[in-house]
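Engineer: Just dropping this structure here.
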Amino acid sequence: KQEVTQIPAALSVPEGENLVLNCSFTDSAIYNLQWFRQDPGKGLTSLLLIQSSQREQTSGRLNASLDKSSGRSTLYIAASQPGDSATYLCAVLSNSGYALNFGKGTSLLVTP
Amino acid sequence: DAGVIQSPRHEVTEMGQEVTLRCKPISGHDYLFWYRQTMMRGLELLIYFNNNVPIDDSGMPEDRFSAKMPNASFSTLKIQPSEPRDSAVYFCAQGKSGNTIYFGEGSWLTVV
């Protein structure tokens, strides 16, 4: 069974800092990997999707990388802002299934 | 397109009562997922449908849980009888194979 782990569980940074969130998965036979954002009391919003053949995806200040062989992905947030405060979840779609396996998320707080 | 719509948004019920959670999916997406989120266990897949047919219900915790998708416009998740340990946020999500998944805002269930 695919296991997805996110480190750290929580992170607090001052505004303006660049930061990296980490995600690891146990089975490298993946179809794609997605990063989601969840605000308190809300559902999940997809940020970036990386197909297994890709190395990275970028959207604005966000950059996600994928290293399938080592079972790792990182989400890089440049010039963090208080509005970036949320929980970020990594999810993997394995070749053997049609549903995402989620990590438990990293809770990010960006202080002014 | 209004996105995935879930109801009720919040429900408080007494132990032993029947709970029905509803999902109105986005048209044109052939996969529908029900997830449960708790602090301890994170997001867990309960069941998913493909073209209205249940494909994998191995995540449904007990026989007290059941899910239906009578047509492409509607799905329900039922708990009967409910127990305090069922308290969680239940998400309905939809997508096309291998693509971005769209989540509803969730149904916050408290069983007392």
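Residue numbering restarts at 1 in every chain; chains get A, B, ... in the order shown in the structure tokens, and ligands count up from 1 in that same order.
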Within 9 Å of chain B, which residues belong to chain A? Use only C-alpha atoms and report them as a tab-separated table (two decimals) with all heavy atoms, in the first residue's frame.

Structural biologist:
```tsv
chain	number	residue	atom	x	y	z
A	31	TYR	N	1.43	7.45	-11.08
A	31	TYR	CA	0.90	8.04	-12.31
A	31	TYR	C	1.10	9.55	-12.28
A	31	TYR	O	1.48	10.17	-13.27
A	31	TYR	CB	-0.57	7.67	-12.45
A	31	TYR	CG	-1.16	8.02	-13.79
A	31	TYR	CD1	-1.03	7.17	-14.88
A	31	TYR	CD2	-1.88	9.22	-13.96
A	31	TYR	CE1	-1.56	7.50	-16.11
A	31	TYR	CE2	-2.42	9.54	-15.18
A	31	TYR	CZ	-2.27	8.68	-16.25
A	31	TYR	OH	-2.80	9.00	-17.48
A	32	ASN	N	0.77	10.15	-11.12
A	32	ASN	CA	1.03	11.57	-10.95
A	32	ASN	C	1.09	11.91	-9.47
A	32	ASN	O	0.78	11.06	-8.61
A	32	ASN	CB	0.02	12.45	-11.69
A	32	ASN	CG	-1.40	12.32	-11.17
A	32	ASN	OD1	-1.65	12.23	-9.97
A	32	ASN	ND2	-2.37	12.34	-12.08
A	34	GLN	N	0.10	15.29	-6.79
A	34	GLN	CA	-0.57	16.58	-6.71
A	34	GLN	C	-0.29	17.23	-5.36
A	34	GLN	O	-0.21	16.55	-4.34
A	34	GLN	CB	-2.08	16.42	-6.90
A	34	GLN	CG	-2.46	15.84	-8.26
A	34	GLN	CD	-3.95	15.76	-8.46
A	34	GLN	OE1	-4.69	16.69	-8.13
A	34	GLN	NE2	-4.41	14.65	-9.02
A	41	GLY	N	-11.65	25.01	7.70
A	41	GLY	CA	-13.07	24.91	7.44
A	41	GLY	C	-13.45	24.80	5.98
A	41	GLY	O	-14.63	24.92	5.63
A	42	LYS	N	-12.47	24.56	5.13
A	42	LYS	CA	-12.73	24.52	3.70
A	42	LYS	C	-12.30	23.19	3.10
A	42	LYS	O	-11.64	22.37	3.75
A	42	LYS	CB	-11.96	25.64	2.99
A	42	LYS	CG	-12.32	27.04	3.44
A	42	LYS	CD	-13.71	27.42	2.99
A	42	LYS	CE	-13.99	28.88	3.29
A	42	LYS	NZ	-15.35	29.27	2.86
A	43	GLY	N	-12.67	23.00	1.83
A	43	GLY	CA	-12.20	21.83	1.11
A	43	GLY	C	-10.79	22.04	0.59
A	43	GLY	O	-10.12	23.01	0.92
A	44	LEU	N	-10.35	21.09	-0.23
A	44	LEU	CA	-9.00	21.15	-0.78
A	44	LEU	C	-9.02	21.79	-2.15
A	44	LEU	O	-9.91	21.53	-2.96
A	44	LEU	CB	-8.42	19.73	-0.90
A	44	LEU	CG	-7.89	19.08	0.36
A	44	LEU	CD1	-9.01	18.71	1.32
A	44	LEU	CD2	-7.07	17.85	0.02
A	45	THR	N	-8.00	22.61	-2.40
A	45	THR	CA	-7.85	23.25	-3.71
A	45	THR	C	-6.55	22.76	-4.33
A	45	THR	O	-5.49	22.83	-3.71
A	45	THR	CB	-7.80	24.78	-3.56
A	45	THR	OG1	-9.00	25.23	-2.94
A	45	THR	CG2	-7.64	25.43	-4.92
A	46	SER	N	-6.65	22.27	-5.56
A	46	SER	CA	-5.45	21.77	-6.25
A	46	SER	C	-4.54	22.93	-6.64
A	46	SER	O	-4.99	23.94	-7.18
A	46	SER	CB	-5.86	20.99	-7.50
A	46	SER	OG	-4.72	20.50	-8.17
A	48	LEU	N	-0.89	22.24	-7.85
A	48	LEU	CA	-0.02	21.79	-8.94
A	48	LEU	C	-0.19	20.28	-9.11
A	48	LEU	O	-0.36	19.56	-8.13
A	48	LEU	CB	1.45	22.10	-8.63
A	48	LEU	CG	1.85	23.58	-8.65
A	48	LEU	CD1	3.20	23.78	-7.97
A	48	LEU	CD2	1.93	24.09	-10.09
A	49	LEU	N	-0.13	19.85	-10.35
A	49	LEU	CA	-0.16	18.42	-10.68
A	49	LEU	C	1.07	18.11	-11.52
A	49	LEU	O	1.32	18.80	-12.52
A	49	LEU	CB	-1.44	18.07	-11.43
A	49	LEU	CG	-1.68	16.61	-11.80
A	49	LEU	CD1	-3.18	16.32	-11.92
A	49	LEU	CD2	-1.00	16.23	-13.11
A	51	GLN	N	2.85	15.11	-13.66
A	51	GLN	CA	2.73	13.77	-14.22
A	51	GLN	C	4.04	13.01	-13.96
A	51	GLN	O	5.09	13.62	-13.76
A	51	GLN	CB	2.45	13.83	-15.72
A	51	GLN	CG	1.17	14.55	-16.09
A	51	GLN	CD	-0.10	13.82	-15.66
A	51	GLN	OE1	-0.04	12.69	-15.16
A	51	GLN	NE2	-1.24	14.46	-15.84
A	93	LEU	N	-1.12	9.50	-6.95
A	93	LEU	CA	-1.96	8.56	-7.68
A	93	LEU	C	-1.06	7.45	-8.20
A	93	LEU	O	-0.17	7.69	-9.03
A	93	LEU	CB	-2.67	9.25	-8.84
A	93	LEU	CG	-3.62	8.39	-9.66
A	93	LEU	CD1	-4.76	7.88	-8.80
A	93	LEU	CD2	-4.17	9.16	-10.86
A	98	TYR	N	-6.97	4.26	-8.87
A	98	TYR	CA	-7.59	5.43	-9.45
A	98	TYR	C	-7.88	6.51	-8.42
A	98	TYR	O	-8.44	7.54	-8.74
A	98	TYR	CB	-8.90	5.04	-10.15
A	98	TYR	CG	-8.68	4.18	-11.36
A	98	TYR	CD1	-8.69	2.79	-11.28
A	98	TYR	CD2	-8.43	4.75	-12.60
A	98	TYR	CE1	-8.47	2.01	-12.39
A	98	TYR	CE2	-8.21	3.98	-13.72
A	98	TYR	CZ	-8.23	2.61	-13.61
A	98	TYR	OH	-8.02	1.84	-14.71
A	99	ALA	N	-7.51	6.25	-7.15
A	99	ALA	CA	-7.77	7.21	-6.08
A	99	ALA	C	-6.46	7.70	-5.48
A	99	ALA	O	-5.47	6.98	-5.44
A	99	ALA	CB	-8.64	6.58	-4.99
A	100	LEU	N	-6.47	8.95	-5.03
A	100	LEU	CA	-5.29	9.56	-4.45
A	100	LEU	C	-5.03	9.05	-3.03
A	100	LEU	O	-5.96	8.86	-2.25
A	100	LEU	CB	-5.45	11.07	-4.41
A	100	LEU	CG	-5.46	11.81	-5.75
A	100	LEU	CD1	-5.87	13.26	-5.54
A	100	LEU	CD2	-4.08	11.74	-6.38
A	101	ASN	N	-3.74	8.87	-2.71
A	101	ASN	CA	-3.31	8.63	-1.34
A	101	ASN	C	-2.68	9.92	-0.82
A	101	ASN	O	-1.75	10.44	-1.43
A	101	ASN	CB	-2.27	7.50	-1.28
A	101	ASN	CG	-2.89	6.15	-1.51
A	101	ASN	OD1	-3.73	5.71	-0.74
A	101	ASN	ND2	-2.50	5.49	-2.57
A	102	PHE	N	-3.17	10.38	0.31
A	102	PHE	CA	-2.76	11.67	0.85
A	102	PHE	C	-1.77	11.53	1.99
A	102	PHE	O	-1.86	10.59	2.80
A	102	PHE	CB	-3.98	12.44	1.38
A	102	PHE	CG	-4.80	13.08	0.31
A	102	PHE	CD1	-5.79	12.36	-0.33
A	102	PHE	CD2	-4.60	14.40	-0.04
A	102	PHE	CE1	-6.57	12.94	-1.32
A	102	PHE	CE2	-5.37	15.00	-1.02
A	102	PHE	CZ	-6.36	14.27	-1.67
A	103	GLY	N	-0.86	12.51	2.09
A	103	GLY	CA	-0.10	12.70	3.31
A	103	GLY	C	-0.98	13.44	4.32
A	103	GLY	O	-2.09	13.87	3.99
A	104	LYS	N	-0.46	13.62	5.54
A	104	LYS	CA	-1.25	14.28	6.58
A	104	LYS	C	-1.11	15.79	6.54
A	104	LYS	O	-1.79	16.49	7.28
A	104	LYS	CB	-0.87	13.74	7.96
A	104	LYS	CG	-1.33	12.32	8.18
A	104	LYS	CD	-1.14	11.89	9.61
A	104	LYS	CE	-1.71	10.48	9.81
A	104	LYS	NZ	-1.56	10.01	11.19
A	105	GLY	N	-0.23	16.29	5.67
A	105	GLY	CA	-0.16	17.71	5.46
A	105	GLY	C	0.89	18.42	6.30
A	105	GLY	O	1.36	17.90	7.32
```

Engineer: Near Arg72 (chain A), counting only C-alpha atoms, which residues have an atom at most 12 Å away, once you skip same-chain residues fewer than 5 positions from it, shown as a ChimeraX atom specification?

Structural biologist: /A:3-7,21-28,30,33,52,55-56,64-67,90-92

Engineer: Skipping near chain neighbours, those fewer than 4 positions away, what residues fall within 10 Å of Asp63 (chain B) using only C-alpha atoms, listed as an mmCIF file with N, CA, C and O atoms, in the first residue's frame?

Structural biologist:
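And here is the file that came out, out_16.cif:
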```cif
data_model
loop_
_atom_site.group_PDB
_atom_site.id
_atom_site.type_symbol
_atom_site.label_atom_id
_atom_site.label_comp_id
_atom_site.auth_asym_id
_atom_site.auth_seq_id
_atom_site.Cartn_x
_atom_site.Cartn_y
_atom_site.Cartn_z
ATOM 1 N N ILE B 79 -24.708 6.693 7.128
ATOM 2 C CA ILE B 79 -24.180 6.015 8.316
ATOM 3 C C ILE B 79 -25.376 5.662 9.190
ATOM 4 O O ILE B 79 -26.155 6.527 9.590
ATOM 5 N N GLN B 80 -25.526 4.362 9.453
ATOM 6 C CA GLN B 80 -26.675 3.912 10.239
ATOM 7 C C GLN B 80 -26.324 2.628 10.978
ATOM 8 O O GLN B 80 -26.060 1.609 10.326
ATOM 9 N N PRO B 81 -26.295 2.645 12.318
ATOM 10 C CA PRO B 81 -26.453 3.807 13.195
ATOM 11 C C PRO B 81 -25.145 4.543 13.384
ATOM 12 O O PRO B 81 -24.066 3.955 13.299
#
```

Engineer: Assign secondary structure with DSSP using the backbone only, and return the residues of chain A in strand (DSSP E or B) as a CSV table (one decimal) with N, CA, C and O atoms, in the first residue's frame.

Structural biologist:
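Result file follows (out.csv):
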```
chain,number,residue,atom,x,y,z
A,4,VAL,N,2.3,7.9,2.1
A,4,VAL,CA,2.8,9.2,1.8
A,4,VAL,C,3.0,10.0,3.1
A,4,VAL,O,2.2,10.0,4.0
A,5,THR,N,4.2,10.5,3.2
A,5,THR,CA,4.7,11.2,4.4
A,5,THR,C,5.1,12.6,4.1
A,5,THR,O,5.8,12.9,3.1
A,6,GLN,N,4.6,13.6,5.0
A,6,GLN,CA,5.0,14.9,4.8
A,6,GLN,C,5.8,15.5,6.0
A,6,GLN,O,5.3,15.3,7.2
A,7,ILE,N,6.8,16.1,5.8
A,7,ILE,CA,7.7,16.7,6.8
A,7,ILE,C,8.0,18.2,6.4
A,7,ILE,O,8.4,18.4,5.3
A,10,ALA,N,4.4,21.0,10.9
A,10,ALA,CA,4.0,22.4,11.0
A,10,ALA,C,5.2,23.2,10.8
A,10,ALA,O,6.4,22.8,11.1
A,11,LEU,N,5.0,24.4,10.3
A,11,LEU,CA,6.1,25.3,10.0
A,11,LEU,C,5.6,26.8,10.2
A,11,LEU,O,4.5,27.1,9.7
A,12,SER,N,6.5,27.6,10.8
A,12,SER,CA,6.1,29.0,11.0
A,12,SER,C,7.3,29.8,10.5
A,12,SER,O,8.5,29.6,10.9
A,13,VAL,N,7.1,30.7,9.6
A,13,VAL,CA,8.1,31.5,9.0
A,13,VAL,C,7.7,33.0,8.9
A,13,VAL,O,6.5,33.3,8.9
A,14,PRO,N,8.7,33.9,9.0
A,14,PRO,CA,8.3,35.3,8.8
A,14,PRO,C,8.0,35.6,7.3
A,14,PRO,O,8.6,35.0,6.4
A,19,LEU,N,10.5,29.1,1.2
A,19,LEU,CA,10.4,27.9,2.1
A,19,LEU,C,10.2,26.6,1.2
A,19,LEU,O,9.7,26.7,0.0
A,20,VAL,N,10.5,25.5,1.8
A,20,VAL,CA,10.3,24.2,1.1
A,20,VAL,C,9.5,23.2,2.0
A,20,VAL,O,9.8,23.0,3.1
A,21,LEU,N,8.5,22.6,1.4
A,21,LEU,CA,7.7,21.6,2.0
A,21,LEU,C,8.1,20.3,1.4
A,21,LEU,O,8.2,20.2,0.1
A,22,ASN,N,8.2,19.2,2.2
A,22,ASN,CA,8.7,17.9,1.7
A,22,ASN,C,7.6,16.9,1.7
A,22,ASN,O,6.8,16.8,2.6
A,23,CYS,N,7.6,16.0,0.7
A,23,CYS,CA,6.7,14.9,0.6
A,23,CYS,C,7.5,13.7,0.1
A,23,CYS,O,8.3,13.8,-0.8
A,24,SER,N,7.3,12.5,0.8
A,24,SER,CA,7.9,11.3,0.3
A,24,SER,C,6.9,10.2,0.2
A,24,SER,O,5.8,10.2,0.9
A,25,PHE,N,7.1,9.3,-0.7
A,25,PHE,CA,6.2,8.2,-0.9
A,25,PHE,C,6.9,6.9,-1.1
A,25,PHE,O,8.1,6.9,-1.5
A,30,ILE,N,4.2,5.5,-9.7
A,30,ILE,CA,3.1,6.5,-9.6
A,30,ILE,C,2.7,7.0,-11.0
A,30,ILE,O,3.5,7.0,-11.9
A,31,TYR,N,1.4,7.4,-11.1
A,31,TYR,CA,0.9,8.0,-12.3
A,31,TYR,C,1.1,9.5,-12.3
A,31,TYR,O,1.5,10.2,-13.3
A,32,ASN,N,0.8,10.2,-11.1
A,32,ASN,CA,1.0,11.6,-10.9
A,32,ASN,C,1.1,11.9,-9.5
A,32,ASN,O,0.8,11.1,-8.6
A,33,LEU,N,1.5,13.1,-9.2
A,33,LEU,CA,1.5,13.6,-7.8
A,33,LEU,C,0.9,15.0,-7.8
A,33,LEU,O,1.2,15.8,-8.7
A,34,GLN,N,0.1,15.3,-6.8
A,34,GLN,CA,-0.6,16.6,-6.7
A,34,GLN,C,-0.3,17.2,-5.4
A,34,GLN,O,-0.2,16.6,-4.3
A,35,TRP,N,-0.2,18.6,-5.4
A,35,TRP,CA,-0.2,19.4,-4.2
A,35,TRP,C,-1.5,20.1,-4.1
A,35,TRP,O,-1.9,20.7,-5.0
A,36,PHE,N,-2.0,20.1,-2.8
A,36,PHE,CA,-3.3,20.8,-2.5
A,36,PHE,C,-3.1,21.8,-1.4
A,36,PHE,O,-2.2,21.6,-0.6
A,37,ARG,N,-3.9,22.7,-1.4
A,37,ARG,CA,-4.0,23.7,-0.2
A,37,ARG,C,-5.3,23.5,0.4
A,37,ARG,O,-6.4,23.4,-0.3
A,38,GLN,N,-5.3,23.6,1.8
A,38,GLN,CA,-6.6,23.5,2.5
A,38,GLN,C,-6.6,24.6,3.5
A,38,GLN,O,-5.8,24.7,4.4
A,44,LEU,N,-10.3,21.1,-0.2
A,44,LEU,CA,-9.0,21.1,-0.8
A,44,LEU,C,-9.0,21.8,-2.2
A,44,LEU,O,-9.9,21.5,-3.0
A,45,THR,N,-8.0,22.6,-2.4
A,45,THR,CA,-7.9,23.2,-3.7
A,45,THR,C,-6.6,22.8,-4.3
A,45,THR,O,-5.5,22.8,-3.7
A,46,SER,N,-6.6,22.3,-5.6
A,46,SER,CA,-5.5,21.8,-6.2
A,46,SER,C,-4.5,22.9,-6.6
A,46,SER,O,-5.0,23.9,-7.2
A,47,LEU,N,-3.3,22.8,-6.3
A,47,LEU,CA,-2.3,23.8,-6.7
A,47,LEU,C,-1.5,23.4,-7.9
A,47,LEU,O,-1.3,24.2,-8.8
A,48,LEU,N,-0.9,22.2,-7.9
A,48,LEU,CA,0.0,21.8,-8.9
A,48,LEU,C,-0.2,20.3,-9.1
A,48,LEU,O,-0.4,19.6,-8.1
A,49,LEU,N,-0.1,19.8,-10.4
A,49,LEU,CA,-0.2,18.4,-10.7
A,49,LEU,C,1.1,18.1,-11.5
A,49,LEU,O,1.3,18.8,-12.5
A,50,ILE,N,1.8,17.1,-11.1
A,50,ILE,CA,3.0,16.7,-11.8
A,50,ILE,C,2.8,15.3,-12.3
A,50,ILE,O,2.6,14.4,-11.6
A,51,GLN,N,2.8,15.1,-13.7
A,51,GLN,CA,2.7,13.8,-14.2
A,51,GLN,C,4.0,13.0,-14.0
A,51,GLN,O,5.1,13.6,-13.8
A,56,GLU,N,9.1,18.8,-12.9
A,56,GLU,CA,8.6,19.9,-12.1
A,56,GLU,C,7.5,20.6,-12.8
A,56,GLU,O,7.3,20.5,-14.0
A,57,GLN,N,6.7,21.4,-11.9
A,57,GLN,CA,5.7,22.3,-12.4
A,57,GLN,C,5.7,23.6,-11.7
A,57,GLN,O,6.1,23.6,-10.5
A,58,THR,N,5.4,24.7,-12.3
A,58,THR,CA,5.4,26.0,-11.7
A,58,THR,C,4.1,26.7,-11.9
A,58,THR,O,3.5,26.6,-13.0
A,59,SER,N,3.7,27.4,-10.9
A,59,SER,CA,2.6,28.3,-10.9
A,59,SER,C,2.8,29.5,-10.1
A,59,SER,O,2.8,29.4,-8.8
A,62,LEU,N,4.9,29.4,-6.8
A,62,LEU,CA,5.0,28.0,-6.4
A,62,LEU,C,5.7,27.1,-7.4
A,62,LEU,O,5.5,27.3,-8.6
A,63,ASN,N,6.6,26.3,-6.9
A,63,ASN,CA,7.3,25.3,-7.8
A,63,ASN,C,7.3,24.0,-7.1
A,63,ASN,O,7.7,23.9,-6.0
A,64,ALA,N,6.8,23.0,-7.8
A,64,ALA,CA,6.8,21.6,-7.3
A,64,ALA,C,7.8,20.8,-8.1
A,64,ALA,O,7.7,20.8,-9.4
A,65,SER,N,8.6,20.0,-7.5
A,65,SER,CA,9.5,19.1,-8.2
A,65,SER,C,9.1,17.6,-7.8
A,65,SER,O,8.5,17.3,-6.8
A,66,LEU,N,9.5,16.7,-8.7
A,66,LEU,CA,9.3,15.3,-8.5
A,66,LEU,C,10.5,14.5,-8.8
A,66,LEU,O,11.1,14.6,-9.9
A,67,ASP,N,10.9,13.6,-7.9
A,67,ASP,CA,12.0,12.7,-8.1
A,67,ASP,C,11.4,11.3,-7.9
A,67,ASP,O,11.4,10.8,-6.7
A,72,ARG,N,10.4,11.2,-3.8
A,72,ARG,CA,10.3,12.5,-3.1
A,72,ARG,C,9.7,13.6,-4.0
A,72,ARG,O,9.9,13.5,-5.3
A,73,SER,N,9.0,14.5,-3.4
A,73,SER,CA,8.6,15.7,-4.1
A,73,SER,C,8.8,16.9,-3.1
A,73,SER,O,8.7,16.7,-1.9
A,74,THR,N,9.0,18.0,-3.6
A,74,THR,CA,9.1,19.2,-2.8
A,74,THR,C,8.2,20.3,-3.4
A,74,THR,O,8.0,20.4,-4.6
A,75,LEU,N,7.6,21.1,-2.5
A,75,LEU,CA,6.9,22.3,-2.9
A,75,LEU,C,7.7,23.5,-2.4
A,75,LEU,O,7.8,23.7,-1.2
A,76,TYR,N,8.1,24.3,-3.3
A,76,TYR,CA,8.9,25.5,-3.0
A,76,TYR,C,7.9,26.7,-3.1
A,76,TYR,O,7.3,26.9,-4.2
A,77,ILE,N,7.9,27.5,-2.1
A,77,ILE,CA,7.1,28.8,-2.1
A,77,ILE,C,8.1,29.9,-2.0
A,77,ILE,O,8.8,30.0,-1.0
A,86,ALA,N,-1.9,28.2,5.5
A,86,ALA,CA,-2.8,27.1,5.2
A,86,ALA,C,-2.2,25.8,5.5
A,86,ALA,O,-1.0,25.7,5.8
A,87,THR,N,-2.9,24.7,5.3
A,87,THR,CA,-2.3,23.4,5.3
A,87,THR,C,-2.1,22.9,3.9
A,87,THR,O,-3.0,23.1,3.0
A,88,TYR,N,-0.9,22.4,3.6
A,88,TYR,CA,-0.5,21.9,2.3
A,88,TYR,C,-0.4,20.4,2.3
A,88,TYR,O,0.3,19.8,3.1
A,89,LEU,N,-1.2,19.8,1.4
A,89,LEU,CA,-1.2,18.3,1.3
A,89,LEU,C,-0.6,17.8,0.0
A,89,LEU,O,-0.9,18.4,-1.0
A,90,CYS,N,0.1,16.8,0.1
A,90,CYS,CA,0.7,16.1,-1.0
A,90,CYS,C,-0.2,14.8,-1.2
A,90,CYS,O,-0.6,14.1,-0.3
A,91,ALA,N,-0.4,14.5,-2.5
A,91,ALA,CA,-1.2,13.3,-2.8
A,91,ALA,C,-0.7,12.6,-4.0
A,91,ALA,O,-0.3,13.2,-5.0
A,92,VAL,N,-0.7,11.2,-3.9
A,92,VAL,CA,-0.1,10.4,-5.0
A,92,VAL,C,-1.1,9.5,-5.6
A,92,VAL,O,-1.9,8.9,-4.9
A,93,LEU,N,-1.1,9.5,-6.9
A,93,LEU,CA,-2.0,8.6,-7.7
A,93,LEU,C,-1.1,7.4,-8.2
A,93,LEU,O,-0.2,7.7,-9.0
A,94,SER,N,-1.3,6.3,-7.7
A,94,SER,CA,-0.4,5.1,-8.1
A,94,SER,C,-0.9,4.5,-9.4
A,94,SER,O,-2.0,4.7,-9.8
A,100,LEU,N,-6.5,8.9,-5.0
A,100,LEU,CA,-5.3,9.6,-4.4
A,100,LEU,C,-5.0,9.1,-3.0
A,100,LEU,O,-6.0,8.9,-2.3
A,101,ASN,N,-3.7,8.9,-2.7
A,101,ASN,CA,-3.3,8.6,-1.3
A,101,ASN,C,-2.7,9.9,-0.8
A,101,ASN,O,-1.8,10.4,-1.4
A,102,PHE,N,-3.2,10.4,0.3
A,102,PHE,CA,-2.8,11.7,0.8
A,102,PHE,C,-1.8,11.5,2.0
A,102,PHE,O,-1.9,10.6,2.8
A,106,THR,N,1.3,19.6,5.8
A,106,THR,CA,2.1,20.5,6.6
A,106,THR,C,1.3,21.8,6.8
A,106,THR,O,0.8,22.4,5.9
A,107,SER,N,1.2,22.2,8.1
A,107,SER,CA,0.4,23.4,8.5
A,107,SER,C,1.4,24.5,8.5
A,107,SER,O,2.4,24.6,9.3
A,108,LEU,N,1.2,25.5,7.6
A,108,LEU,CA,2.1,26.6,7.4
A,108,LEU,C,1.5,27.9,8.0
A,108,LEU,O,0.3,28.2,7.7
A,109,LEU,N,2.3,28.6,8.7
A,109,LEU,CA,1.9,29.9,9.3
A,109,LEU,C,3.0,30.9,8.8
A,109,LEU,O,4.1,30.7,9.1
A,110,VAL,N,2.5,31.9,8.1
A,110,VAL,CA,3.4,33.0,7.7
A,110,VAL,C,3.1,34.2,8.5
A,110,VAL,O,2.0,34.8,8.3
A,111,THR,N,4.0,34.7,9.3
A,111,THR,CA,3.7,35.8,10.2
A,111,THR,C,4.2,37.2,9.5
A,111,THR,O,5.2,37.2,8.9
```
